[in-house]
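Next up, target.cif (mmCIF, C-alpha atoms):
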```
data_entry
loop_
_atom_site.group_PDB
_atom_site.id
_atom_site.type_symbol
_atom_site.label_atom_id
_atom_site.label_comp_id
_atom_site.auth_asym_id
_atom_site.auth_seq_id
_atom_site.Cartn_x
_atom_site.Cartn_y
_atom_site.Cartn_z
ATOM 1 C CA MET A 622 -4.424 7.881 -23.383
ATOM 2 C CA ARG A 623 -3.711 11.508 -22.584
ATOM 3 C CA ASP A 624 -0.345 12.864 -23.703
ATOM 4 C CA GLU A 625 0.468 13.820 -20.101
ATOM 5 C CA PHE A 626 0.084 10.207 -19.024
ATOM 6 C CA THR A 627 1.983 8.718 -21.967
ATOM 7 C CA GLN A 628 4.947 11.056 -21.551
ATOM 8 C CA LEU A 629 5.124 10.440 -17.815
ATOM 9 C CA ALA A 630 4.839 6.688 -18.279
ATOM 10 C CA GLU A 631 7.871 6.743 -20.557
ATOM 11 C CA LYS A 632 9.903 8.719 -18.004
ATOM 12 C CA VAL A 633 9.203 6.433 -15.035
ATOM 13 C CA ASN A 634 9.138 3.074 -16.850
ATOM 14 C CA ASN A 635 11.340 0.419 -15.194
ATOM 15 C CA TRP A 636 10.857 -2.471 -17.618
ATOM 16 C CA GLY A 637 14.092 -4.424 -17.986
ATOM 17 C CA ARG A 638 15.854 -2.503 -15.217
ATOM 18 C CA TRP A 639 16.290 -5.668 -13.149
ATOM 19 C CA GLY A 640 16.293 -8.130 -16.024
ATOM 20 C CA ALA A 641 13.775 -9.511 -18.477
ATOM 21 C CA ASP A 642 12.334 -12.004 -15.986
ATOM 22 C CA ASP A 643 11.884 -9.639 -13.044
ATOM 23 C CA GLU A 644 8.527 -9.796 -11.214
ATOM 24 C CA ARG A 645 9.331 -7.690 -8.106
ATOM 25 C CA GLY A 646 9.948 -4.252 -9.554
ATOM 26 C CA THR A 647 11.122 -1.540 -7.194
ATOM 27 C CA LEU A 648 11.341 -3.989 -4.289
ATOM 28 C CA ASN A 649 14.721 -4.774 -5.839
ATOM 29 C CA PHE A 650 15.959 -1.523 -4.295
ATOM 30 C CA ILE A 651 15.815 -3.271 -0.907
ATOM 31 C CA SER A 652 19.268 -4.834 -0.661
ATOM 32 C CA PRO A 653 20.742 -6.532 2.430
ATOM 33 C CA GLU A 654 22.663 -3.299 3.025
ATOM 34 C CA VAL A 655 19.410 -1.316 2.973
ATOM 35 C CA VAL A 656 17.843 -3.669 5.525
ATOM 36 C CA LYS A 657 20.918 -3.539 7.744
ATOM 37 C CA ALA A 658 20.854 0.255 7.672
ATOM 38 C CA ALA A 659 17.108 0.226 8.396
ATOM 39 C CA ALA A 660 17.791 -1.543 11.690
ATOM 40 C CA GLY A 661 19.559 1.632 12.783
ATOM 41 C CA SER A 662 16.178 3.374 12.899
ATOM 42 C CA VAL A 663 15.235 1.306 15.968
ATOM 43 C CA ARG A 664 15.993 3.433 19.025
ATOM 44 C CA SER A 665 13.333 2.875 21.686
ATOM 45 C CA GLY A 666 11.966 -0.526 20.655
ATOM 46 C CA ARG A 667 8.364 0.761 20.579
ATOM 47 C CA THR A 668 6.114 -1.039 18.108
ATOM 48 C CA PHE A 669 3.064 0.182 16.181
ATOM 49 C CA SER A 670 0.547 -1.957 14.316
ATOM 50 C CA LEU A 671 -0.602 -0.274 11.102
ATOM 51 C CA ALA A 672 -3.400 -2.699 10.191
ATOM 52 C CA ILE A 673 -7.121 -2.104 10.496
ATOM 53 C CA PRO A 674 -9.177 -4.878 12.170
ATOM 54 C CA LEU A 675 -10.347 -7.711 9.926
ATOM 55 C CA SER A 676 -14.085 -8.158 10.449
ATOM 56 C CA ALA A 677 -17.433 -8.036 8.689
ATOM 57 C CA ASP A 678 -17.536 -4.366 9.739
ATOM 58 C CA GLY A 679 -14.658 -3.482 7.403
ATOM 59 C CA PRO A 680 -14.420 -0.558 4.977
ATOM 60 C CA GLN A 681 -15.886 -2.251 1.891
ATOM 61 C CA ILE A 682 -19.286 -0.804 0.917
ATOM 62 C CA GLY A 683 -19.831 -2.574 -2.403
ATOM 63 C CA MET A 684 -18.195 0.078 -4.568
ATOM 64 C CA ILE A 685 -15.752 -2.549 -5.855
ATOM 65 C CA PRO A 686 -17.887 -5.505 -7.027
ATOM 66 C CA GLY A 687 -17.145 -8.730 -5.187
ATOM 67 C CA ARG A 688 -14.587 -7.234 -2.796
ATOM 68 C CA ILE A 689 -16.252 -8.230 0.443
ATOM 69 C CA ASN A 690 -15.299 -7.638 4.043
ATOM 70 C CA PRO A 691 -14.130 -10.755 5.913
ATOM 71 C CA LEU A 692 -16.903 -13.249 6.684
ATOM 72 C CA LYS A 693 -15.757 -15.536 9.498
ATOM 73 C CA THR A 694 -17.578 -18.747 10.337
ATOM 74 C CA MET A 695 -16.967 -21.399 12.980
ATOM 75 C CA LEU A 696 -15.995 -24.922 11.946
ATOM 76 C CA ALA A 697 -15.947 -26.379 15.447
ATOM 77 C CA ILE A 698 -16.817 -25.175 18.937
ATOM 78 C CA ASN A 699 -15.253 -27.023 21.860
ATOM 79 C CA ASP A 700 -15.412 -30.207 19.794
ATOM 80 C CA PRO A 701 -13.886 -33.285 21.534
ATOM 81 C CA MET A 702 -11.605 -35.075 19.076
ATOM 82 C CA THR A 703 -12.119 -38.461 20.761
ATOM 83 C CA GLY A 704 -15.688 -37.834 21.861
ATOM 84 C CA ASN A 705 -14.538 -37.409 25.448
ATOM 85 C CA ILE A 706 -15.025 -33.848 26.695
ATOM 86 C CA ASP A 707 -12.267 -34.387 29.276
ATOM 87 C CA GLU A 708 -9.676 -34.968 26.526
ATOM 88 C CA PHE A 709 -8.449 -32.744 23.708
ATOM 89 C CA CYS A 710 -11.168 -30.408 22.388
ATOM 90 C CA THR A 711 -10.863 -27.891 19.616
ATOM 91 C CA SER A 712 -12.471 -24.753 18.274
ATOM 92 C CA ASP A 713 -11.747 -23.771 14.703
ATOM 93 C CA ASP A 714 -12.875 -21.233 12.141
ATOM 94 C CA SER A 715 -12.587 -20.190 8.513
ATOM 95 C CA VAL A 716 -12.881 -16.957 6.569
ATOM 96 C CA VAL A 717 -14.000 -15.738 3.155
ATOM 97 C CA MET A 718 -12.808 -12.286 2.164
ATOM 98 C CA GLY A 719 -11.527 -10.101 -0.606
ATOM 99 C CA LEU A 720 -7.752 -10.260 -0.455
ATOM 100 C CA GLN A 721 -7.677 -6.472 -0.719
ATOM 101 C CA SER A 722 -10.590 -5.746 1.587
ATOM 102 C CA GLY A 723 -8.509 -4.550 4.547
ATOM 103 C CA THR A 724 -4.931 -3.370 5.003
ATOM 104 C CA HIS A 725 -3.152 -4.825 1.989
ATOM 105 C CA TRP A 726 -0.553 -4.641 -0.738
ATOM 106 C CA ASP A 727 -1.493 -4.707 -4.434
ATOM 107 C CA SER A 728 0.421 -7.106 -6.649
ATOM 108 C CA LEU A 729 2.015 -5.707 -9.796
ATOM 109 C CA ALA A 730 -0.489 -7.677 -11.899
ATOM 110 C CA HIS A 731 -3.451 -6.044 -10.157
ATOM 111 C CA ALA A 732 -3.665 -3.258 -12.754
ATOM 112 C CA THR A 733 -3.319 -3.540 -16.533
ATOM 113 C CA TYR A 734 -4.019 -1.436 -19.606
ATOM 114 C CA SER A 735 -3.564 -2.012 -23.325
ATOM 115 C CA ASN A 736 -2.724 -5.618 -22.414
ATOM 116 C CA ARG A 737 0.304 -4.333 -20.502
ATOM 117 C CA ILE A 738 1.565 -5.964 -17.319
ATOM 118 C CA TYR A 739 4.762 -4.883 -15.562
ATOM 119 C CA ASN A 740 7.970 -5.822 -17.384
ATOM 120 C CA GLY A 741 6.103 -7.114 -20.421
ATOM 121 C CA ALA A 742 4.535 -10.161 -18.789
ATOM 122 C CA PRO A 743 1.974 -11.607 -21.231
ATOM 123 C CA ILE A 744 -1.664 -10.792 -20.610
ATOM 124 C CA SER A 745 -2.317 -14.540 -20.917
ATOM 125 C CA SER A 746 -0.526 -14.964 -17.584
ATOM 126 C CA LEU A 747 -3.771 -13.693 -16.029
ATOM 127 C CA SER A 748 -6.415 -16.395 -15.793
ATOM 128 C CA THR A 749 -9.052 -17.869 -13.507
ATOM 129 C CA ARG A 750 -6.134 -19.170 -11.464
ATOM 130 C CA GLY A 751 -4.874 -15.651 -10.855
ATOM 131 C CA ALA A 752 -1.567 -14.062 -11.831
ATOM 132 C CA ALA A 753 1.038 -16.528 -13.042
ATOM 133 C CA LYS A 754 3.382 -13.540 -13.410
ATOM 134 C CA CYS A 755 3.863 -10.658 -10.971
ATOM 135 C CA GLY A 756 1.560 -12.202 -8.341
ATOM 136 C CA ILE A 757 1.705 -11.116 -4.709
ATOM 137 C CA ASP A 758 3.610 -14.289 -3.796
ATOM 138 C CA LYS A 759 6.603 -12.893 -5.703
ATOM 139 C CA VAL A 760 7.063 -10.166 -3.080
ATOM 140 C CA GLY A 761 8.595 -12.478 -0.466
ATOM 141 C CA ALA A 762 9.865 -11.137 2.846
ATOM 142 C CA LEU A 763 9.374 -7.376 2.960
ATOM 143 C CA VAL A 764 11.431 -5.498 5.544
ATOM 144 C CA SER A 765 13.028 -2.096 5.064
ATOM 145 C CA ARG A 766 13.287 1.401 6.453
ATOM 146 C CA GLY A 767 9.903 3.039 6.636
ATOM 147 C CA VAL A 768 9.426 6.788 6.376
ATOM 148 C CA LEU A 769 6.236 8.562 7.412
ATOM 149 C CA LEU A 770 5.322 11.619 5.381
ATOM 150 C CA ASP A 771 2.610 13.306 7.435
ATOM 151 C CA ILE A 772 1.107 15.630 4.840
ATOM 152 C CA PRO A 773 -1.612 17.295 6.944
ATOM 153 C CA ARG A 774 0.657 17.961 9.944
ATOM 154 C CA SER A 775 3.218 19.544 7.672
ATOM 155 C CA LYS A 776 0.460 21.974 6.645
ATOM 156 C CA GLY A 777 -0.798 22.567 10.183
ATOM 157 C CA LEU A 778 -3.936 20.510 9.504
ATOM 158 C CA ASP A 779 -5.588 17.540 11.185
ATOM 159 C CA LYS A 780 -6.540 15.952 7.875
ATOM 160 C CA LEU A 781 -6.498 16.856 4.201
ATOM 161 C CA GLU A 782 -9.548 18.115 2.372
ATOM 162 C CA PRO A 783 -11.628 15.463 0.557
ATOM 163 C CA GLY A 784 -10.402 15.106 -3.004
ATOM 164 C CA TYR A 785 -7.058 16.813 -2.389
ATOM 165 C CA ALA A 786 -4.407 15.703 -4.910
ATOM 166 C CA LEU A 787 -0.961 15.227 -3.368
ATOM 167 C CA THR A 788 1.884 16.907 -5.226
ATOM 168 C CA ALA A 789 5.634 16.372 -5.284
ATOM 169 C CA ALA A 790 5.959 19.645 -3.345
ATOM 170 C CA ASP A 791 3.709 18.186 -0.639
ATOM 171 C CA LEU A 792 5.994 15.150 -0.306
ATOM 172 C CA ASP A 793 9.081 17.353 -0.106
ATOM 173 C CA ALA A 794 7.448 19.585 2.514
ATOM 174 C CA ALA A 795 6.410 16.606 4.640
ATOM 175 C CA ALA A 796 9.928 15.155 4.462
ATOM 176 C CA GLU A 797 11.355 18.502 5.536
ATOM 177 C CA PHE A 798 8.772 18.753 8.312
ATOM 178 C CA GLY A 799 9.814 15.334 9.613
ATOM 179 C CA LYS A 800 13.510 16.145 9.155
ATOM 180 C CA VAL A 801 13.938 12.951 7.159
ATOM 181 C CA THR A 802 15.595 12.223 3.822
ATOM 182 C CA VAL A 803 13.948 9.577 1.660
ATOM 183 C CA ARG A 804 16.622 7.074 0.601
ATOM 184 C CA SER A 805 16.799 4.382 -2.064
ATOM 185 C CA GLY A 806 14.964 1.279 -0.856
ATOM 186 C CA ASP A 807 12.730 3.118 1.622
ATOM 187 C CA ILE A 808 9.043 2.304 2.026
ATOM 188 C CA VAL A 809 7.107 5.571 2.052
ATOM 189 C CA LEU A 810 3.938 5.836 4.130
ATOM 190 C CA ALA A 811 1.914 8.923 3.245
ATOM 191 C CA ARG A 812 -0.630 10.034 5.818
ATOM 192 C CA THR A 813 -3.650 12.056 4.660
ATOM 193 C CA GLY A 814 -5.744 11.760 7.838
ATOM 194 C CA GLN A 815 -8.552 10.060 5.892
ATOM 195 C CA MET A 816 -8.454 7.087 8.274
ATOM 196 C CA GLN A 817 -10.113 9.269 10.909
ATOM 197 C CA LEU A 818 -13.369 8.993 8.959
ATOM 198 C CA LEU A 819 -13.241 5.192 9.048
ATOM 199 C CA HIS A 820 -12.519 5.299 12.781
ATOM 200 C CA ALA A 821 -15.640 7.449 13.156
ATOM 201 C CA GLY A 822 -17.747 4.920 11.247
ATOM 202 C CA ASP A 823 -18.216 7.098 8.168
ATOM 203 C CA LYS A 824 -17.444 4.481 5.519
ATOM 204 C CA MET A 825 -18.873 6.487 2.644
ATOM 205 C CA GLY A 826 -16.940 9.587 3.654
ATOM 206 C CA TYR A 827 -13.811 7.474 3.969
ATOM 207 C CA THR A 828 -14.307 6.124 0.449
ATOM 208 C CA VAL A 829 -15.243 9.170 -1.622
ATOM 209 C CA PRO A 830 -14.247 11.889 -2.101
ATOM 210 C CA SER A 831 -10.761 11.056 -0.920
ATOM 211 C CA PRO A 832 -7.370 12.735 -0.935
ATOM 212 C CA GLY A 833 -4.542 10.766 -2.490
ATOM 213 C CA PHE A 834 -1.569 10.665 -4.817
ATOM 214 C CA SER A 835 -1.661 12.604 -8.078
ATOM 215 C CA MET A 836 0.007 11.560 -11.320
ATOM 216 C CA GLN A 837 2.876 13.994 -10.877
ATOM 217 C CA THR A 838 4.049 12.282 -7.694
ATOM 218 C CA ALA A 839 5.113 9.261 -9.765
ATOM 219 C CA GLN A 840 8.228 11.104 -10.922
ATOM 220 C CA TRP A 841 9.107 11.974 -7.300
ATOM 221 C CA LEU A 842 8.804 8.345 -6.194
ATOM 222 C CA HIS A 843 10.821 7.251 -9.222
ATOM 223 C CA ASP A 844 13.595 9.777 -8.596
ATOM 224 C CA HIS A 845 13.875 8.793 -4.915
ATOM 225 C CA GLU A 846 13.994 5.073 -5.785
ATOM 226 C CA VAL A 847 11.177 4.297 -3.352
ATOM 227 C CA ALA A 848 10.732 0.533 -2.934
ATOM 228 C CA ALA A 849 7.031 0.563 -2.018
ATOM 229 C CA VAL A 850 4.427 3.120 -1.016
ATOM 230 C CA ALA A 851 1.248 2.977 1.061
ATOM 231 C CA ASN A 852 -1.311 5.363 2.487
ATOM 232 C CA ASP A 853 -4.397 5.603 4.691
ATOM 233 C CA THR A 854 -7.120 5.602 2.031
ATOM 234 C CA ILE A 855 -9.149 2.947 0.233
ATOM 235 C CA VAL A 856 -8.340 4.068 -3.331
ATOM 236 C CA PHE A 857 -4.736 5.234 -2.769
ATOM 237 C CA GLU A 858 -4.836 7.929 -5.434
ATOM 238 C CA VAL A 859 -6.969 11.048 -5.369
ATOM 239 C CA PHE A 860 -10.597 10.074 -5.982
ATOM 240 C CA PRO A 861 -12.480 11.190 -7.987
ATOM 241 C CA GLY A 862 -9.457 11.433 -10.225
ATOM 242 C CA GLU A 863 -7.729 14.354 -11.860
ATOM 243 C CA TYR A 864 -9.277 13.632 -15.271
ATOM 244 C CA ASP A 865 -12.759 12.317 -16.007
ATOM 245 C CA ASP A 866 -11.478 10.413 -19.037
ATOM 246 C CA LEU A 867 -8.511 8.752 -17.282
ATOM 247 C CA PRO A 868 -9.551 6.492 -14.381
ATOM 248 C CA LEU A 869 -6.958 5.478 -11.780
ATOM 249 C CA PRO A 870 -3.857 6.595 -13.704
ATOM 250 C CA VAL A 871 -1.602 6.402 -10.634
ATOM 251 C CA HIS A 872 -2.301 2.673 -10.343
ATOM 252 C CA LEU A 873 -1.243 2.279 -13.968
ATOM 253 C CA LEU A 874 1.936 4.298 -13.516
ATOM 254 C CA HIS A 875 2.964 2.549 -10.306
ATOM 255 C CA LEU A 876 2.029 -1.056 -10.923
ATOM 256 C CA VAL A 877 2.364 -1.382 -14.687
ATOM 257 C CA GLU A 878 5.098 1.073 -15.650
ATOM 258 C CA MET A 879 7.254 1.378 -12.523
ATOM 259 C CA GLY A 880 6.685 -1.978 -10.869
ATOM 260 C CA LEU A 881 6.028 -0.060 -7.645
ATOM 261 C CA THR A 882 3.997 -2.010 -5.091
ATOM 262 C CA GLN A 883 1.329 0.125 -3.424
ATOM 263 C CA GLY A 884 -0.742 -0.405 -0.295
ATOM 264 C CA GLN A 885 -4.119 0.856 0.895
ATOM 265 C CA ASN A 886 -6.111 1.063 4.132
ATOM 266 C CA TRP A 887 -3.050 1.477 6.349
ATOM 267 C CA ASP A 888 -3.840 2.934 9.764
ATOM 268 C CA LEU A 889 -1.179 5.570 10.370
ATOM 269 C CA GLU A 890 -2.907 7.577 13.107
ATOM 270 C CA THR A 891 -1.196 6.212 16.225
ATOM 271 C CA LEU A 892 2.194 6.095 14.540
ATOM 272 C CA ALA A 893 1.792 9.673 13.298
ATOM 273 C CA ALA A 894 0.916 10.937 16.774
ATOM 274 C CA ASP A 895 4.007 9.262 18.194
ATOM 275 C CA CYS A 896 6.217 10.665 15.431
ATOM 276 C CA ALA A 897 4.862 14.138 16.148
ATOM 277 C CA ALA A 898 5.615 13.657 19.842
ATOM 278 C CA ASP A 899 9.236 12.516 19.520
ATOM 279 C CA GLY A 900 10.193 13.950 16.128
ATOM 280 C CA GLN A 901 11.338 10.588 14.721
ATOM 281 C CA TYR A 902 9.730 9.931 11.335
ATOM 282 C CA ASP A 903 11.751 6.893 10.270
ATOM 283 C CA PHE A 904 11.564 3.329 11.599
ATOM 284 C CA LEU A 905 12.112 -0.304 10.776
ATOM 285 C CA LEU A 906 9.065 -1.565 8.893
ATOM 286 C CA THR A 907 8.045 -5.205 8.559
ATOM 287 C CA ALA A 908 5.277 -5.613 5.986
ATOM 288 C CA THR A 909 5.335 -9.054 4.367
ATOM 289 C CA PRO A 910 2.059 -9.830 2.559
ATOM 290 C CA GLU A 911 0.384 -13.190 3.018
ATOM 291 C CA PRO A 912 1.902 -15.270 0.185
ATOM 292 C CA PHE A 913 -1.239 -16.204 -1.741
ATOM 293 C CA VAL A 914 0.091 -17.933 -4.838
ATOM 294 C CA ALA A 915 -0.933 -16.016 -7.976
ATOM 295 C CA GLY A 916 -2.742 -13.458 -5.800
ATOM 296 C CA LEU A 917 -3.604 -10.012 -7.145
ATOM 297 C CA GLY A 918 -3.102 -8.612 -3.678
ATOM 298 C CA ALA A 919 -2.880 -9.823 -0.100
ATOM 299 C CA PRO A 920 -3.619 -8.807 3.468
ATOM 300 C CA VAL A 921 -0.719 -7.492 5.509
ATOM 301 C CA ALA A 922 -0.279 -6.647 9.190
ATOM 302 C CA PRO A 923 2.511 -4.060 9.049
ATOM 303 C CA VAL A 924 4.505 -3.241 12.161
ATOM 304 C CA ALA A 925 6.645 -0.126 12.573
ATOM 305 C CA VAL A 926 9.484 -0.425 15.096
ATOM 306 C CA LYS A 927 10.954 2.842 16.379
#
```

Step by step, read the file and then write its structure as structure tokens.
Amino acid sequence: MRDEFTQLAEKVNNWGRWGADDERGTLNFISPEVVKAAAGSVRSGRTFSLAIPLSADGPQIGMIPGRINPLKTMLAINDPMTGNIDEFCTSDDSVVMGLQSGTHWDSLAHATYSNRIYNGAPISSLSTRGAAKCGIDKVGALVSRGVLLDIPRSKGLDKLEPGYALTAADLDAAAEFGKVTVRSGDIVLARTGQMQLLHAGDKMGYTVPSPGFSMQTAQWLHDHEVAAVANDTIVFEVFPGEYDDLPLPVHLLHLVEMGLTQGQNWDLETLAADCAADGQYDFLLTATPEPFVAGLGAPVAPVAVK
């Protein structure tokens, strides 16, 4: 590992911070008091869905082997339970999909290196059954104050350049632009504008090259005691990465070292336009992942309430 990564990993490491058996990481910052205070962000009652549609026309293009878009099939179509069409009839369906194929949260066990899992969970806890430790089911109910950091608008842009690496200064500037202070237990949503490419049907352009978080932003998120972080890209971190010999280092810093849950493919466009219109960049955010036991990630349908 590069010295820059190793030194940063030591600075932001949260192992043992919430006890030897902890599997939730920075979500522990979300106390009942934090949730109660988050309710104060609701002023108009307007709601915004932040999920992309789940369909076979999703963003997956095969770059991540096996992570397929949802494939929905019908199990029954107007099927009479008793054989009598005038009595109860049912239509039913099923789906096969990658748990991280759409709008989702990563579990803390999703990324590993050097046989390291968050908080020292044994690598043997990963098996064909999934993640016995730090699985997505350990997240539980996820509600807190959400804060939108609209990076391109803070720069007077519609969207960031492909491959742009977000810096701590960018996050500070976006917070100042939105006149919002990031507090302990907040969920930070960082808009890059990349979702516009997916809306336009340009799946390859949406995927790579992509703006995203750089390694140095890990210290900023650590210092602000952010509970979880999500953005509007498929990779989350800048891609291609900052170093050719260090793939996806932000995943390793967040999930393994910090225990910081991260989300991808969040649609922040409508919310961002509304925030720009009324100047309110904080809101109550409900974002509980589907509780797949031992899951390495899970779909989520986040809702921002302003």

Explicit residues for the PyMOL selection byres ((chain A and resi 679-696) around 12) (as an MDAnalysis selection string) | chainID A and resid 672:678 697:700 711:724 816 818:829 853:856 885:887 918 920

Tell me, as a PyMOL selection string, which residues lie within 9 Å of Ala630 (chain A), counting all atoms listed in the file; anything in the same chain fewer than 2 positions away does not count.
-> chain A and resi 625-628+632-634+839+873-874+878-879

Starting from the displayed file, determine the output of the PyMOL selection byres ((chain A and resi 909) around 7) and express the residue list as a PyMOL selection string.
-> chain A and resi 761-763+907-908+910-911+921

Would you kindly return, as a PyMOL selection string, each protein, DNA or RNA residue with an atom no farther than 8 Å from any atom of Ala915 (chain A), considering only C-alpha atoms and excluding same-chain residues fewer than 3 positions away?
-> chain A and resi 750-758

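Across the structure, CA of Asp807 (chain A) and CA of Pro868 (chain A) are spaced 27.6 Å apart.
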
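The spacing separating CA of Ala898 (chain A) from CA of Ala658 (chain A) amounts to 23.7 Å.
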
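Those residues returned by the PyMOL selection byres ((chain A and resi 809) around 9) for this file are Arg766, Gly767, Val768, Leu769, Leu770, Val803, Asp807, Ile808, Leu810, Ala811, Leu842, Val847, Ala848, Ala849, Val850, Ala851 and Asn852 of chain A.
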
Listed atoms of region 713-720 of chain A boxed axis-aligned with 5 Å per side, centre + edges as lines of an AutoDock Vina configuration file:
```
center_x = -10.9
center_y = -16.9
center_z = 7.0
size_x = 16.2
size_y = 23.7
size_z = 25.3
```

Do you have the CA of Leu648 (chain A)-CA of Lys780 (chain A) distance handy?
->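 Taking CA of Leu648 (chain A) and CA of Lys780 (chain A), their separation equals 29.4 Å.
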
Please check which residues have atoms at most 8 Å from (1.3, -4.3, -12.2) in the file's coordinates, counting all atoms listed in the file, and write them as a ChimeraX atom specification.
-> /A:728-733,738-739,755,873,875-878,880-882

Residues near region 793-802 of chain A, cut-off 7 Å, only C-alpha atoms, skip fewer than 2 positions along chain, as a PyMOL selection string = chain A and resi 770-772+775+789-791+804+900+902

Using all atoms listed in the file, the best pick from A:Trp841, A:Gly640, A:Gly916, A:Val764 as closest to Pro653 (chain A) would be A:Val764

Shell of 8 Å around Phe834 (chain A), only C-alpha atoms, local chain residues under 3 positions omitted, as a ChimeraX atom specification | /A:786-788,838,857-859,871

Please, could you write that set of residues out with C-alpha atoms as a short mmCIF file (atom, residue, chain, number, x, y, z; two decimals), in the coordinates of the input?
```cif
data_model
loop_
_atom_site.label_atom_id
_atom_site.label_comp_id
_atom_site.auth_asym_id
_atom_site.auth_seq_id
_atom_site.Cartn_x
_atom_site.Cartn_y
_atom_site.Cartn_z
CA ALA A 786 -4.41 15.70 -4.91
CA LEU A 787 -0.96 15.23 -3.37
CA THR A 788 1.88 16.91 -5.23
CA THR A 838 4.05 12.28 -7.69
CA PHE A 857 -4.74 5.23 -2.77
CA GLU A 858 -4.84 7.93 -5.43
CA VAL A 859 -6.97 11.05 -5.37
CA VAL A 871 -1.60 6.40 -10.63
#
```
